Structures are given as structure tokens and as C-alpha cells.
There are 2 protein chains.
Amino acid sequence: MAKEITARSENYSQWYLDIVNKAGLAENSAVRGSMVIKPYGYAIWEKIKEDLDRRFKETGHQNAYFPLFIPKSFLSKEADHVEGFAKECAVVTHHRLMNNPNGSGVVVDPDAKLEEELIVRPTSETIIWNTYKNWIKSYRDLPLLINQWANVVRWEMRTRPFLRTAEFLWQEGHTAHATEEEAIKEARQMHDVYADFAESIMAMPVIKGSKSESERFAGALDTFTIEAMMQDGKALQAGTSHFLGQNFAKAFEVKFLNSENKEELVWATSWGVSTRLVGALIMTHSDDDGLVLPPKLAPIQVVIVPIPKPDEKILEVAEDISTKLKAKGISVKIDTDMKKRPGFKFAEYEMMGVPVRLGIGMRDLDKGVIEVARRDTKEKESVDLENIDAYVEKLLEDIQSNLFQKAVKFREDRTSYVDSFEEFKEVLENKGGFIYAHWDGTAETEEKIKELTKATIRCIPLDAKAEDGIDMISGKPSKRRVLFAKAY
Amino acid sequence: MAKEITARSENYSQWYLDIVNKAGLAENSAVRGSMVIKPYGYAIWEKIKEDLDRRFKETGHQNAYFPLFIPKSFLSKEADHVEGFAKECAVVTHHRLMNNPNGSGVVVDPDAKLEEELIVRPTSETIIWNTYKNWIKSYRDLPLLINQWANVVRWEMRTRPFLRTAEFLWQEGHTAHATEEEAIKEARQMHDVYADFAESIMAMPVIKGSKSESERFAGALDTFTIEAMMQDGKALQAGTSHFLGQNFAKAFEVKFLNSENKEELVWATSWGVSTRLVGALIMTHSDDDGLVLPPKLAPIQVVIVPIPKPDEKILEVAEDISTKLKAKGISVKIDTDMKKRPGFKFAEYEMMGVPVRLGIGMRDLDKGVIEVARRDTKEKESVDLENIDAYVEKLLEDIQSNLFQKAVKFREDRTSYVDSFEEFKEVLENKGGFIYAHWDGTAETEEKIKELTKATIRCIPLDAKAEDGIDMISGKPSKRRVLFAKAY
């Protein structure tokens with residue numbers, strides 16, 4: 001595990017794959033495009049889930065579970081939706097295998113063909129709104145605030161662990177409301193929940209905005225997004241929240257009697273984040289020595305390594321520190337493996353991104369100090385054994401905050417404001433990163449810019465200032481700048 | 001929700017479906033055999049998961065995630081395994097839909113046929129052991145102790161919510177060991193974990209035993225089971241733990257270098273419980289008024305209902321009690337809905353199986369008491385407002401223990417020891433329940449009994465006393481009694 005990894009400057013994509021591999025996060029499986037999430041990678045996902053789940057429940061949502069399979073006809077009911085998902089879905093056509101009549105192995109039993117094919121869910125709007133039809137009769141049944149933790153499948157052709165896989169894990173919220181205003185408020189609320197989670201837990205700064213029409217979710221009237229900058233300057237869409245209007249209510253005939261006893265169509269939202277967040281986490285903080293994790297998502301927050309070897313006195317001190325830290329809710333591992341040398345272990349925990357490492361040696365102990373190393377800056381200090389727990393607790397907070405500040409600065413340094421297309425291309429090519437430029441609001445110029453530069457409109461920032469300007473391509477007037485970048 | 005349900009004595013199956021439906025636990029979906037788990041049912045499953053997950057981690061296991069899809073050829077690699085699962089699996093054959101050339105809707109795109117079909121996992125031994133091949137090189141990589149929380153699909157023809165569904169949620173542990181002894185010890189340990197969970201958390205007494213050869217998991221050398229008695233006297237297999245020997249290691253060539261540098265095949269276990277446990281829970285405790293939940297799995301442990309209506313003073317008292325109970329880790333709901341009358345609410349929370357109901361009315365308050373109703377016995381008491389929190393805490397413990405004792409007594413009353421086949425048939429027909437009888441250990445008599453009576457050997461109990469006897473059918477000698485019953 002402690003072998004070298006490719007430097008970012010040398011080959012950024014390979015650096016990413018090396019970290020995923022050598023920190024033991026995930027690996028490719030025998031099934032094209034599907035990954036195996038290894039225990040350490042899954043432990044990070046569990047911490048993400050735990051925090052988000054709490055936030056969803058605090059905002060009044062309940063979890064439920066809907067079928068993995070979606071009847072083919074359901075997908076067709078919302079026109080944009082089927083257009084968006086039909087081309088990349090796994091289709092179940094049979095329900096039985098049989099012994100190969102020609103000899104060994106098994107083959108699909110032709111007699112077990114399904115009357116209607118089933119689609120492995122790429123997202124669950126259709127099956128859920130077909131269910132909501134029976135749950136919603138009156139305004140008293142609204143709002144309906146439900147979330148699902150599930151696996152979904154989209155048959156992507158080019159995949160990369162966590163960032164884009166054929167199967168991935170995610171949560172999908174699906175809510176139903178009596179009024180348009182309430183649905184929009186809900187979509188924005190969950191957008192805020194995602195942004196706050198990204199910044200305060202992942203230590204990953206994000207730009208909040210709405211998507212241009214062509215980048216919206218298939219079936220949405222408005223898509224709110226959080227966009228983060230990765231270390232290669234590219235944007236990563238880290239979470240989206242959709243205002244779906246009455247599109248799915250229309251498609252599945254979901255109506256309710258309002259308080260005046262009149263029938264109305266229900267208003268909808270959906271919102272989701274996925275295991276992609278683990279990829280975002282890696283690419284926001286990690287360095288050429290391996291993974292760097294913000295303390296709030298680190299499965300092991302503190303590792304204690306005895307130096308040169310774990311004798312009784314050293315282990316006693318280690319246990320004592322561990323007990324004190326655990327009492328503060330900090331997760332600790334004491335590494336008592338005698339077969340590996342301390343130097344090897346140091347490199348190993350660096351690779352795994354453990355935020356704080358405590359080295360305990362006899363020479364230090366005699367002086368009443370121990371060595372504290374922080375993963376983010378790689379600084380080491382001798383710290384008094386007394387109050388080591390308070391010191392470490394504070395240090396974890398510092399690391400969390402330092403990682404966020406560092407990422408903010410990284411993004412600011414790579415953010416440009418440009419006014420001409422020449423400049424746009426020049427910045428994109430040489431500096432990269434986020435570019436704020438004027439846009440006339442048409443799909444034509446958006447498409448043209450994408451075609452010529454591969455940069456897309458990541459979002460129309462919510463906090464964009466009103467500013468008169470001119471579209472770089474069409475020369476038509478624009479009222480505000482939007483965010484352009486190349487993206488994952 | 002508070003409408004009547006079918007009595008058990010009238011129609012047991014309908015009673016079960018009525019509870020699932022009217023307590024809001026689950027419902028059938030548009031996909032044949034797949035259910036929608038509704039928020040209240042899912043909340044019970046979350047509590048089951050949470051407790052089990054803690055137990056798995058305490059016994060050294062880590063969670064991970066493996067692909068939903070299994071290449072068809074993998075399934076064939078272990079002969080018994082494919083025999084067991086090939087006849088009831090969902091097969092993915094294509095990865096794209098296209099617009100119907102004849103008009104509306106979408107059809108499967110014939111050009112998007114997969115080279116090798118993918119099976120939606122019915123269980124994950126094959127894909128996991130194919131992965132373990134790369135993870136295990138030396139004895140230092142062992143034991144490998146992994147669990148997965150996932151959905152699986154088995155194309156069952158006759159389904160019933162929670163008890164038997166085409167798709168269900170479960171956990172599957174998959175461990176790898178250097179020695180046979182260690183693998184057997186692991187399989188037995190997880191068997192113990194399941195049994196303890198069933199009894200101490202679900203309040204559901206279980207018989208621990210091993211399965212006869214014909215009832216073993218497809219590919220196992222030994223299957224340990226926990227068997228519970230439902231209220232119709234039938235047995236329900238609530239969890240199994242398998243010793244897989246070296247079958248999967250052979251099939252996927254998973255070898256390791258032992259400490260003497262010699263190559264050996266790895267030993268395996270797998271173990272799982274599923275959303276079926278929710279069905280078991282319903283059928284162990286519930287009555288003709290609805291669901292009855294053991295406090296340790298109740299999403300709402302205490303409900304507070306203001307009588308006749310929530311005025312300020314009453315709400316103040318309710319909030320105060322709620323705060324005190326929550327401080328003790330007890331979940332509380334105060335029902336302030338003004339539109340429903342208290343009597344309606346009482347029936348509703350009875351249907352939902354909320355263990356304790358507190359009714360707060362002004363007349364009682366003036367006397368310094370409130371009404372406490374327990375769901376299990378339906379008893380009501382006036383309790384001093386002072387120390388109500390300690391009273392309720394103790395009451396929840398009593399209910400948990402009472403439910404277990406009641407279930408033990410129910411099982412004991414319906415357990416028989418018989419020595420002849422005539423008696424066996426007579427007991428099975430008139431009394432039902434569990435029957436301990438002698439068995440010669442052959443598949444022939446086992447099969448014959450099943451054919452003639454539909455009763456199966458549920459298990460060879462681990463604590464069976466050595467006792468000489470004679471097989472009821474063959475007249476051959478037997479060394480101990482085994483457990484027979486009709487089963488779900």
C-alpha cells in the first residue's frame with residue numbers, strides 16, 4: 001500500500017486512480033463499469049450517509065424503499081424523462097436460466113421471457129409517482145416528504161471509480177406538494193442542505209446555482225446544482241435538486257382535492273447525491289502522498305503508532321490517550337502490528353489520509369512529550385502528554401477548517417472573469433478553472449461554446465450580481481455572468 | 001387506518017395482509033412480486049439494521065459493496081449453487097431502449113444485446129469470491145470478514161409482503177479463513193449473533209439448529225438456522241449462517257500461502273437475514289387490533305395524546321414529559337392533530353403497535369395523574385405525574401420482556417413430542433406447531449414425510465439430547481429427535 005503514486009503534475013487521471021487503488025477505496029469488478037467499493041471506501045460513504053440522513057430527517061423527511069425494477073411502459077410516460085434515460089439502461093427480459101442443451105453451463109430459458117421488459121432503475125421518479133397516485137387523495141396527504149437510499153444503474157460507456165460508474169449508490173428524495181411555491185421552496189431547501197453538507201462536512205467549497213435549460217435533469221423545470229472545483233481545475237457537479245413542476249403528476253395522473261374540494265395536479269421535487277461524492281472528496285483534498293480526508297469524514301481520525309516497538313509502557317500510554325479521545329467522540333486506532341516498521345506505517349496512514357498521527361517513543365515519553373503529525377500540512381510537533389486529548393480535538397477542528405480554506409483559496413486562484421471569446425479560450429487553455437462570462441441565455445451560444453471549447457455552463461449562480469454585459473459569441477445583451485468550466 | 005382487520009381465527013393470511021396494509025408497513029407495487037416498503041415499515045427495518053450492524057462491527061466485520069450484476073458464467077462455476085438459483089433469476093440481456101419504429105413508446109434495441117447476459121444477484125457468493133481471489137494471497141490476508149447491505153432478487157412465483165418477495169433487502173456476510181475450524185467457528189458465531197438478536201431485540205424465541213442436507217443453502221456443507229414459531233403454529237426460518245467449506249474457493253481458485261509457504265484453498269462462510277424479519281416480527285406479536293411491536297424495534301416508543309384537545313396547559317405537560325423521556329433515549333411523539341378525535345387516535349396507535357400511550361386530560365391533571373396504556377396487554381393505569389419518566393422507562397422494559405415470555409409460552413404450548421407417524425399426522429392436523437420426533441438421518445424418509453404431510457425438518461437442534469429412538473417411517477434407529485413443522 002505504501003508504494004509511490006503518480007504525481008498530479010505528471011498524470012492527473014492516473015494520480016486519481018492510484019489513490020483509489022492504493023488507499024484501498026475501490027476497484028474495478030468483473031462487470032463492465034461496476035466497481036467494488038472496498039471496506040475503507042465504504043466506511044467513508046457510511047459517514048457521508050449518516051450525516052446526510054440526519055439532515056434529511058431533521059427537515060421532516062422519512063425513508064422508504066421502492067422497487068429496483070421499472071416497467072418499460074412507465075419510463076415512456078414522461079417524454080423528456082425517457083429521452084434522457086432510455087439510451088443507457090439495463091433491461092431485464094427473462095426470469096430463468098436453464099441447462100445448456102448443447103452441454104455445459106447455463107443459458108437463458110427462452111420460455112421465460114417477460115411479457116413486459118423491466119428496466120433496472122436509473123432513477124425512480126416513474127415508479128414512485130405511480131405509487132404516489134394511490135397515496136395522495138387530498139391536501140391533507142400533502143406534503144409527502146420521502147427519501148430512498150438505493151443503488152441505480154446507468155449504462156455509461158466511459159466509467160471511472162466513484163465519478164461515473166454503471167451502478168452507483170445514492171439517495172433520491174421525492175416530494176409531493178400542494179402548491180408550486182412550496183415545491184420550489186423544498187427544492188431550494190435541499191439545495192441548501194447539500195451545499196452546507198459539502199462545505200461544513202466535506203470541507204469542499206461549492207458554487208450554488210441553477211442549471212441552464214439544456215443541462216437540466218430529464219423532466220425538470222428547474223435544476224439547482226452545487227459545483228465544486230477539482231484540483232485539475234475542472235468542475236464537478238456534486239449534487240442536484242430538481243423542481244419538477246407538475247410533469248410527473250401529469251404523466252401518472254396524480255391529483256388531489258384542495259381545501260375547496262377542487263381537483264388539482266400535485267407539484268413535485270426530486271434531489272440526489274451519490275457515491276460520486278467520494279470521488280469529489282478525493283480530488284478536492286488529496287496530494288501526491290495519497291488521500292487527505294477532512295476529519296469529519298475520516299473513518300479513522302487519529303492513529304497511534306508505537307516507536308520503535310510497542311512495549312508495555314508505550315502501550316499503556318497509547319491506551320490511555322485512546323480512551324480519552326474516544327470519550328470526546330474521536331475515532332482512534334492503535335497500530336500494534338509488530339511485523340511492520342514505523343516508517344512503513346507512517347507512509348501507509350499517509351496514503352489512507354488519516355488526519356492525525358501520534359508517534360509514541362520511549363525517548364519522547366521520558367521527556368513527557370509525544371510526536372503529533374497532521375496529514376494536511378505534514379507538520380510535526382512535540383506536544384505535552386498532559387492535555388494531549390484537548391490538543392488533538394482542537395487540531396482536528398483546525399485541519400477541517402484549514403482544508404476548507406485551502407480549497408477556497410485554490411478555487412479563487414483559478415477563477416477568472418472574461419469578456420471576450422478570445423480571452424475565454426486563452427484562459428481555458430492556459431489557466432483552466434472557473435470562468436465567469438456573460439451569456440445571452442440561448443441554447444445556441446451555449447452549444448457553440450461547448451462545441452468549440454468543451455466548456456459548459458456549470459450554473460447560473462444564485463448570488464450572481466445584476467451586471468449589464470454582452471454575450472461573447474452572439475454579442476447580444478446579457479444581464480449577469482454565468483459560470484463556465486470544463487467538467488467531469 | 002383505524003378500520004377493523006380480519007381476525008386471526010377467521011383468516012390468518014388475511015389478518016397478516018391487513019396488518020401490513022393498515023399499519024402502513026408495505027404494499028404491492030406495479031412490479032410483480034416486488035413490494036414498496038412504506039415509511040413506517042422501513043423505519044422498523046432501519047432499527048433492525050442499526051442493531052445488527054453494530055453487532056457485526058463488534059465482531060470484527062467491515063461493510064463493503066459488490067456489484068448488483070453477476071456474469072452468467074460465474075453462476076455456473078459452483079454446481080450446487082447454480083442448481084439452486086438458476087431457475088428463479090432476473091436476466092439482463094440488453095443495455096439500451098430505442099423509440100418504437102412502429103409508433104409510440106420504446107422498445108428494446110436489438111443492437112444493444114450484451115455479449116454475456118448478467119444476472120441480478122440472488123446472493124453474492126460468486127461475484128464476491130471472484131473478487132476475493134485478488135485480495136487473498138497469504139495467510140496474512142486472512143481472515144477476511146466482510147458484510148454487505150444490499151438488495152437481491154429471486155424470481156419467486158408466490159409472494160407475500162416481507163415473507164417472500166421477488167426483490168428483498170438483506171445483509172450478506174462473506175468471510176474467508178485459513179482453517180476449517182476457524183470458518184466453522186465464524187459460522188456458529190454469526191448464528192449466535194442472529195439468535196441473540198432475535199430473542200433480545202425482536203423478543204422472538206428461536207430454536208437454533210443445523211439444517212438437514214436437503215434443506216441446506218445451495219453450495220454449503222452446513223447451514224445453521226434459527227427457527228421461530230408464528231401464531232398459526234408454522235415455523236419461519238428467520239436467519240441462516242453457512243459453512244461453505246472450500247466449495248467457492250475451488251470454483252474461483254482462491255488459494256493462499258500458509259505460514260509454511262504452502263498453497264492451500266481458503267475456507268468460507270456466508271450468513272444473512274432479510275426484510276423477512278419484519279414479517280416474522282408481525283406474526284410473532286401482533287393481535288386482532290393490529291401490530292404489536294417490541295419497544296426495542298418500535299420507531300415510536302411512546303405516543304402522547306392530549307384529551308380532549310391540546311390546550312396550553314396540557315401541551316406544556318406533554319412537552320415536559322417528552323423532554324424527560326427523550327433524555328432517557330426514548331422516542332416520543334406528541335399528537336397535536338386537532339382534526340382527529342382521541343378515540344380515533346387511540347385506535348390508530350394501537351394499529352401501529354406503539355408500545356405505550358399516554359393520555360393527558362385536564363380532569364386527570366387536576367388530580368396529578370395521567371393515563372398510561374400499554375399496547376401488549378391493553379391495560380390502563382393512572383400514574384402519578386411525578387416520576388412518569390421512570391415509570392415509562394420501566395414499563396418499556398416490562399413490555400419487551402413480557403412479549404418474549406408470552407411468545408415462549410405460546411411456543412411451548414404448541415410443541416409436541418411424538419413417536420409414531422400416526423400420532424405425528426394427528427398432532428400436525430389438530431394441534432399443529434412444532435413436533436420433535438426421531439429421524440433416521442436419510443433424505444428418503446425426510447422426503448416421504450414432506451410429501452405425505454407438508455411438514456419439513458426445520459432443523460437438528462444444537463441442544464438436542466442424545467436419545468435412542470426409532471424413525472417413524474423406516475423403523476431404523478435414531479440417536480436424537482429433530483424438529484418438524486410446516487413452514488413459511
# chains A, B, ... in the order shown; residues from 1 in each chain; ligands from 1
>>> interface_residues(of="chain B", to="chain A", cutoff="6 Å", atoms="only C-alpha atoms", output="PyMOL selection string")
chain B and resi 36-39+42+62-66+76+86-92+94-97+105
>>> residues_around(residues="stretch 311-319 of chain B", least_positions_apart="2", cutoff="8 Å", atoms="only C-alpha atoms", output="list in words")
Ile304, Pro306, Lys309, Ile321, Ser322, Thr323, Ile334, Ile360, Gly361 and Met362 of chain B
>>> write_last_selection(atoms="N, CA and C atoms", output="tab-separated table (two decimals), in the first residue's frame")
chain	number	residue	atom	x	y	z
B	304	ILE	N	-48.00	10.51	22.98
B	304	ILE	CA	-48.74	11.31	23.95
B	304	ILE	C	-49.94	11.92	23.24
B	306	PRO	N	-53.22	14.28	23.78
B	306	PRO	CA	-53.97	15.22	24.63
B	306	PRO	C	-55.47	14.92	24.55
B	309	LYS	N	-58.66	17.93	24.06
B	309	LYS	CA	-57.95	18.64	22.99
B	309	LYS	C	-56.72	19.33	23.59
B	321	ILE	N	-42.94	16.01	29.63
B	321	ILE	CA	-42.75	14.56	29.69
B	321	ILE	C	-41.88	14.10	28.52
B	322	SER	N	-42.17	14.62	27.34
B	322	SER	CA	-41.41	14.24	26.15
B	322	SER	C	-39.93	14.53	26.32
B	323	THR	N	-39.61	15.71	26.84
B	323	THR	CA	-38.21	16.08	27.05
B	323	THR	C	-37.53	15.10	27.99
B	334	ILE	N	-45.74	13.51	20.15
B	334	ILE	CA	-46.91	14.18	20.72
B	334	ILE	C	-47.87	14.43	19.57
B	360	ILE	N	-53.38	12.58	28.21
B	360	ILE	CA	-53.35	13.68	29.17
B	360	ILE	C	-54.62	14.51	29.07
B	361	GLY	N	-55.42	14.46	30.12
B	361	GLY	CA	-56.64	15.25	30.15
B	361	GLY	C	-56.65	16.16	31.37
B	362	MET	N	-57.44	17.23	31.30
B	362	MET	CA	-57.46	18.21	32.40
B	362	MET	C	-57.92	17.61	33.72
>>> residues_around(residues="B:Phe162", least_positions_apart="2", cutoff="9 Å", atoms="only C-alpha atoms", output="JSON, numbers by chain")
{"B": [20, 26, 35, 37, 159, 160, 164, 165, 168, 274, 275, 276, 277, 278, 279, 280]}
>>> write_last_selection(atoms="N, CA and C atoms", output="PDB file, in the first residue's frame")
ATOM      1  N   VAL B  20     -50.187  -5.557   7.537  1.00  0.00           N
ATOM      2  CA  VAL B  20     -49.172  -4.943   6.660  1.00  0.00           C
ATOM      3  C   VAL B  20     -49.749  -3.687   6.003  1.00  0.00           C
ATOM      4  N   ALA B  26     -46.192  -1.783   4.222  1.00  0.00           N
ATOM      5  CA  ALA B  26     -45.768  -2.052   2.845  1.00  0.00           C
ATOM      6  C   ALA B  26     -46.996  -2.219   1.972  1.00  0.00           C
ATOM      7  N   MET B  35     -42.393  -5.382  -3.536  1.00  0.00           N
ATOM      8  CA  MET B  35     -43.225  -4.540  -2.681  1.00  0.00           C
ATOM      9  C   MET B  35     -42.621  -3.145  -2.559  1.00  0.00           C
ATOM     10  N   ILE B  37     -41.800  -0.681   0.350  1.00  0.00           N
ATOM     11  CA  ILE B  37     -41.723  -0.618   1.811  1.00  0.00           C
ATOM     12  C   ILE B  37     -42.036   0.822   2.215  1.00  0.00           C
ATOM     13  N   THR B 159     -45.714 -14.824  -3.860  1.00  0.00           N
ATOM     14  CA  THR B 159     -45.060 -13.860  -2.977  1.00  0.00           C
ATOM     15  C   THR B 159     -46.033 -13.340  -1.918  1.00  0.00           C
ATOM     16  N   ARG B 160     -45.447 -12.839  -0.830  1.00  0.00           N
ATOM     17  CA  ARG B 160     -46.219 -12.240   0.246  1.00  0.00           C
ATOM     18  C   ARG B 160     -45.349 -11.165   0.888  1.00  0.00           C
ATOM     19  N   ARG B 164     -41.897 -13.237   1.508  1.00  0.00           N
ATOM     20  CA  ARG B 164     -41.352 -13.803   0.280  1.00  0.00           C
ATOM     21  C   ARG B 164     -41.647 -12.821  -0.834  1.00  0.00           C
ATOM     22  N   THR B 165     -40.625 -12.119  -1.296  1.00  0.00           N
ATOM     23  CA  THR B 165     -40.817 -11.141  -2.362  1.00  0.00           C
ATOM     24  C   THR B 165     -39.723 -11.339  -3.406  1.00  0.00           C
ATOM     25  N   PHE B 168     -35.803  -8.322  -2.330  1.00  0.00           N
ATOM     26  CA  PHE B 168     -35.841  -8.014  -0.902  1.00  0.00           C
ATOM     27  C   PHE B 168     -34.529  -7.386  -0.466  1.00  0.00           C
ATOM     28  N   SER B 274     -32.888 -10.926   6.361  1.00  0.00           N
ATOM     29  CA  SER B 274     -33.504 -10.044   5.374  1.00  0.00           C
ATOM     30  C   SER B 274     -34.722  -9.324   5.943  1.00  0.00           C
ATOM     31  N   THR B 275     -35.375  -8.543   5.073  1.00  0.00           N
ATOM     32  CA  THR B 275     -36.614  -7.863   5.437  1.00  0.00           C
ATOM     33  C   THR B 275     -37.699  -8.861   5.858  1.00  0.00           C
ATOM     34  N   ARG B 276     -37.470 -10.151   5.611  1.00  0.00           N
ATOM     35  CA  ARG B 276     -38.363 -11.186   6.127  1.00  0.00           C
ATOM     36  C   ARG B 276     -38.544 -11.055   7.644  1.00  0.00           C
ATOM     37  N   LEU B 277     -37.517 -10.542   8.322  1.00  0.00           N
ATOM     38  CA  LEU B 277     -37.606 -10.372   9.776  1.00  0.00           C
ATOM     39  C   LEU B 277     -38.781  -9.465  10.163  1.00  0.00           C
ATOM     40  N   VAL B 278     -39.111  -8.517   9.308  1.00  0.00           N
ATOM     41  CA  VAL B 278     -40.258  -7.649   9.612  1.00  0.00           C
ATOM     42  C   VAL B 278     -41.536  -8.494   9.610  1.00  0.00           C
ATOM     43  N   GLY B 279     -41.635  -9.425   8.659  1.00  0.00           N
ATOM     44  CA  GLY B 279     -42.770 -10.346   8.637  1.00  0.00           C
ATOM     45  C   GLY B 279     -42.815 -11.212   9.882  1.00  0.00           C
ATOM     46  N   ALA B 280     -41.647 -11.693  10.296  1.00  0.00           N
ATOM     47  CA  ALA B 280     -41.558 -12.532  11.496  1.00  0.00           C
ATOM     48  C   ALA B 280     -42.012 -11.749  12.727  1.00  0.00           C
TER      49      ALA B 280
END
>>> decode(residues="stretch 110-153 of chain B", atoms="N, CA and C atoms", output="short mmCIF file (atom, residue, chain, number, x, y, z; two decimals), in the first residue's frame")
data_model
loop_
_atom_site.label_atom_id
_atom_site.label_comp_id
_atom_site.auth_asym_id
_atom_site.auth_seq_id
_atom_site.Cartn_x
_atom_site.Cartn_y
_atom_site.Cartn_z
N PRO B 110 -32.40 -4.01 -30.45
CA PRO B 110 -31.77 -5.32 -30.69
C PRO B 110 -30.25 -5.21 -30.87
N ASP B 111 -29.77 -4.03 -31.26
CA ASP B 111 -28.33 -3.86 -31.44
C ASP B 111 -27.59 -3.73 -30.11
N ALA B 112 -28.34 -3.62 -29.02
CA ALA B 112 -27.69 -3.41 -27.72
C ALA B 112 -27.72 -4.69 -26.89
N LYS B 113 -27.57 -5.82 -27.54
CA LYS B 113 -27.57 -7.09 -26.83
C LYS B 113 -26.21 -7.28 -26.16
N LEU B 114 -26.23 -7.72 -24.92
CA LEU B 114 -24.97 -7.95 -24.20
C LEU B 114 -24.29 -9.22 -24.72
N GLU B 115 -22.97 -9.20 -24.75
CA GLU B 115 -22.25 -10.40 -25.15
C GLU B 115 -22.51 -11.54 -24.19
N GLU B 116 -22.42 -11.20 -22.89
CA GLU B 116 -22.77 -12.20 -21.88
C GLU B 116 -23.88 -11.63 -21.01
N GLU B 117 -24.92 -12.41 -20.82
CA GLU B 117 -26.04 -11.94 -20.01
C GLU B 117 -25.57 -11.72 -18.57
N LEU B 118 -26.26 -10.80 -17.90
CA LEU B 118 -25.97 -10.53 -16.49
C LEU B 118 -27.16 -10.96 -15.65
N ILE B 119 -26.88 -11.57 -14.50
CA ILE B 119 -27.93 -11.98 -13.59
C ILE B 119 -28.02 -10.95 -12.47
N VAL B 120 -29.22 -10.53 -12.13
CA VAL B 120 -29.38 -9.66 -10.96
C VAL B 120 -29.16 -10.55 -9.74
N ARG B 121 -28.20 -10.17 -8.88
CA ARG B 121 -27.76 -11.08 -7.81
C ARG B 121 -28.93 -11.67 -7.00
N PRO B 122 -28.95 -13.01 -6.89
CA PRO B 122 -29.89 -13.63 -5.95
C PRO B 122 -29.20 -13.79 -4.60
N THR B 123 -27.89 -13.69 -4.59
CA THR B 123 -26.98 -13.78 -3.46
C THR B 123 -25.61 -13.56 -4.09
N SER B 124 -24.58 -13.21 -3.29
CA SER B 124 -23.37 -12.70 -3.93
C SER B 124 -22.12 -13.57 -3.80
N GLU B 125 -22.26 -14.81 -3.38
CA GLU B 125 -21.07 -15.65 -3.22
C GLU B 125 -20.14 -15.60 -4.45
N THR B 126 -20.74 -15.74 -5.65
CA THR B 126 -19.88 -15.90 -6.83
C THR B 126 -19.11 -14.62 -7.16
N ILE B 127 -19.78 -13.48 -7.20
CA ILE B 127 -19.07 -12.25 -7.54
C ILE B 127 -18.07 -11.89 -6.44
N ILE B 128 -18.41 -12.21 -5.21
CA ILE B 128 -17.51 -11.88 -4.11
C ILE B 128 -16.29 -12.80 -4.10
N TRP B 129 -16.47 -14.08 -4.32
CA TRP B 129 -15.30 -14.96 -4.32
C TRP B 129 -14.42 -14.73 -5.54
N ASN B 130 -15.03 -14.27 -6.61
CA ASN B 130 -14.20 -13.89 -7.76
C ASN B 130 -13.33 -12.68 -7.40
N THR B 131 -13.84 -11.81 -6.53
CA THR B 131 -13.07 -10.63 -6.07
C THR B 131 -12.02 -11.05 -5.04
N TYR B 132 -12.42 -11.92 -4.12
CA TYR B 132 -11.50 -12.36 -3.06
C TYR B 132 -10.23 -12.98 -3.64
N LYS B 133 -10.39 -13.60 -4.79
CA LYS B 133 -9.23 -14.19 -5.47
C LYS B 133 -8.06 -13.20 -5.54
N ASN B 134 -8.37 -11.94 -5.79
CA ASN B 134 -7.30 -10.93 -5.89
C ASN B 134 -6.90 -10.36 -4.54
N TRP B 135 -7.72 -10.54 -3.55
CA TRP B 135 -7.43 -9.94 -2.24
C TRP B 135 -6.63 -10.87 -1.34
N ILE B 136 -6.72 -12.15 -1.63
CA ILE B 136 -6.11 -13.12 -0.72
C ILE B 136 -4.91 -13.79 -1.39
N LYS B 137 -3.74 -13.52 -0.82
CA LYS B 137 -2.54 -14.14 -1.36
C LYS B 137 -1.86 -14.99 -0.28
N SER B 138 -1.91 -14.48 0.95
CA SER B 138 -1.13 -15.11 2.00
C SER B 138 -2.00 -15.24 3.26
N TYR B 139 -1.55 -16.06 4.19
CA TYR B 139 -2.28 -16.22 5.45
C TYR B 139 -2.43 -14.88 6.18
N ARG B 140 -1.54 -13.92 5.84
CA ARG B 140 -1.63 -12.61 6.47
C ARG B 140 -2.87 -11.84 6.02
N ASP B 141 -3.44 -12.22 4.88
CA ASP B 141 -4.66 -11.55 4.38
C ASP B 141 -5.93 -12.14 5.02
N LEU B 142 -5.75 -13.15 5.86
CA LEU B 142 -6.89 -13.84 6.46
C LEU B 142 -6.93 -13.61 7.96
N PRO B 143 -8.07 -13.69 8.63
CA PRO B 143 -9.38 -13.85 7.99
C PRO B 143 -9.82 -12.55 7.31
N LEU B 144 -10.71 -12.70 6.35
CA LEU B 144 -11.31 -11.57 5.68
C LEU B 144 -12.78 -11.58 6.11
N LEU B 145 -13.19 -10.51 6.80
CA LEU B 145 -14.51 -10.51 7.46
C LEU B 145 -15.36 -9.37 6.91
N ILE B 146 -16.19 -9.68 5.93
CA ILE B 146 -16.92 -8.62 5.23
C ILE B 146 -18.43 -8.86 5.22
N ASN B 147 -19.15 -7.77 5.33
CA ASN B 147 -20.61 -7.81 5.24
C ASN B 147 -21.08 -6.81 4.20
N GLN B 148 -22.20 -7.11 3.58
CA GLN B 148 -22.80 -6.20 2.61
C GLN B 148 -24.28 -6.04 2.91
N TRP B 149 -24.76 -4.78 2.93
CA TRP B 149 -26.20 -4.49 2.98
C TRP B 149 -26.63 -4.24 1.55
N ALA B 150 -27.62 -4.97 1.07
CA ALA B 150 -27.94 -4.88 -0.35
C ALA B 150 -29.35 -5.35 -0.65
N ASN B 151 -29.77 -5.12 -1.89
CA ASN B 151 -31.00 -5.70 -2.41
C ASN B 151 -30.65 -6.92 -3.26
N VAL B 152 -31.49 -7.95 -3.22
CA VAL B 152 -31.29 -9.13 -4.05
C VAL B 152 -32.62 -9.51 -4.69
N VAL B 153 -32.53 -10.29 -5.75
CA VAL B 153 -33.75 -10.66 -6.50
C VAL B 153 -33.82 -12.16 -6.72
#
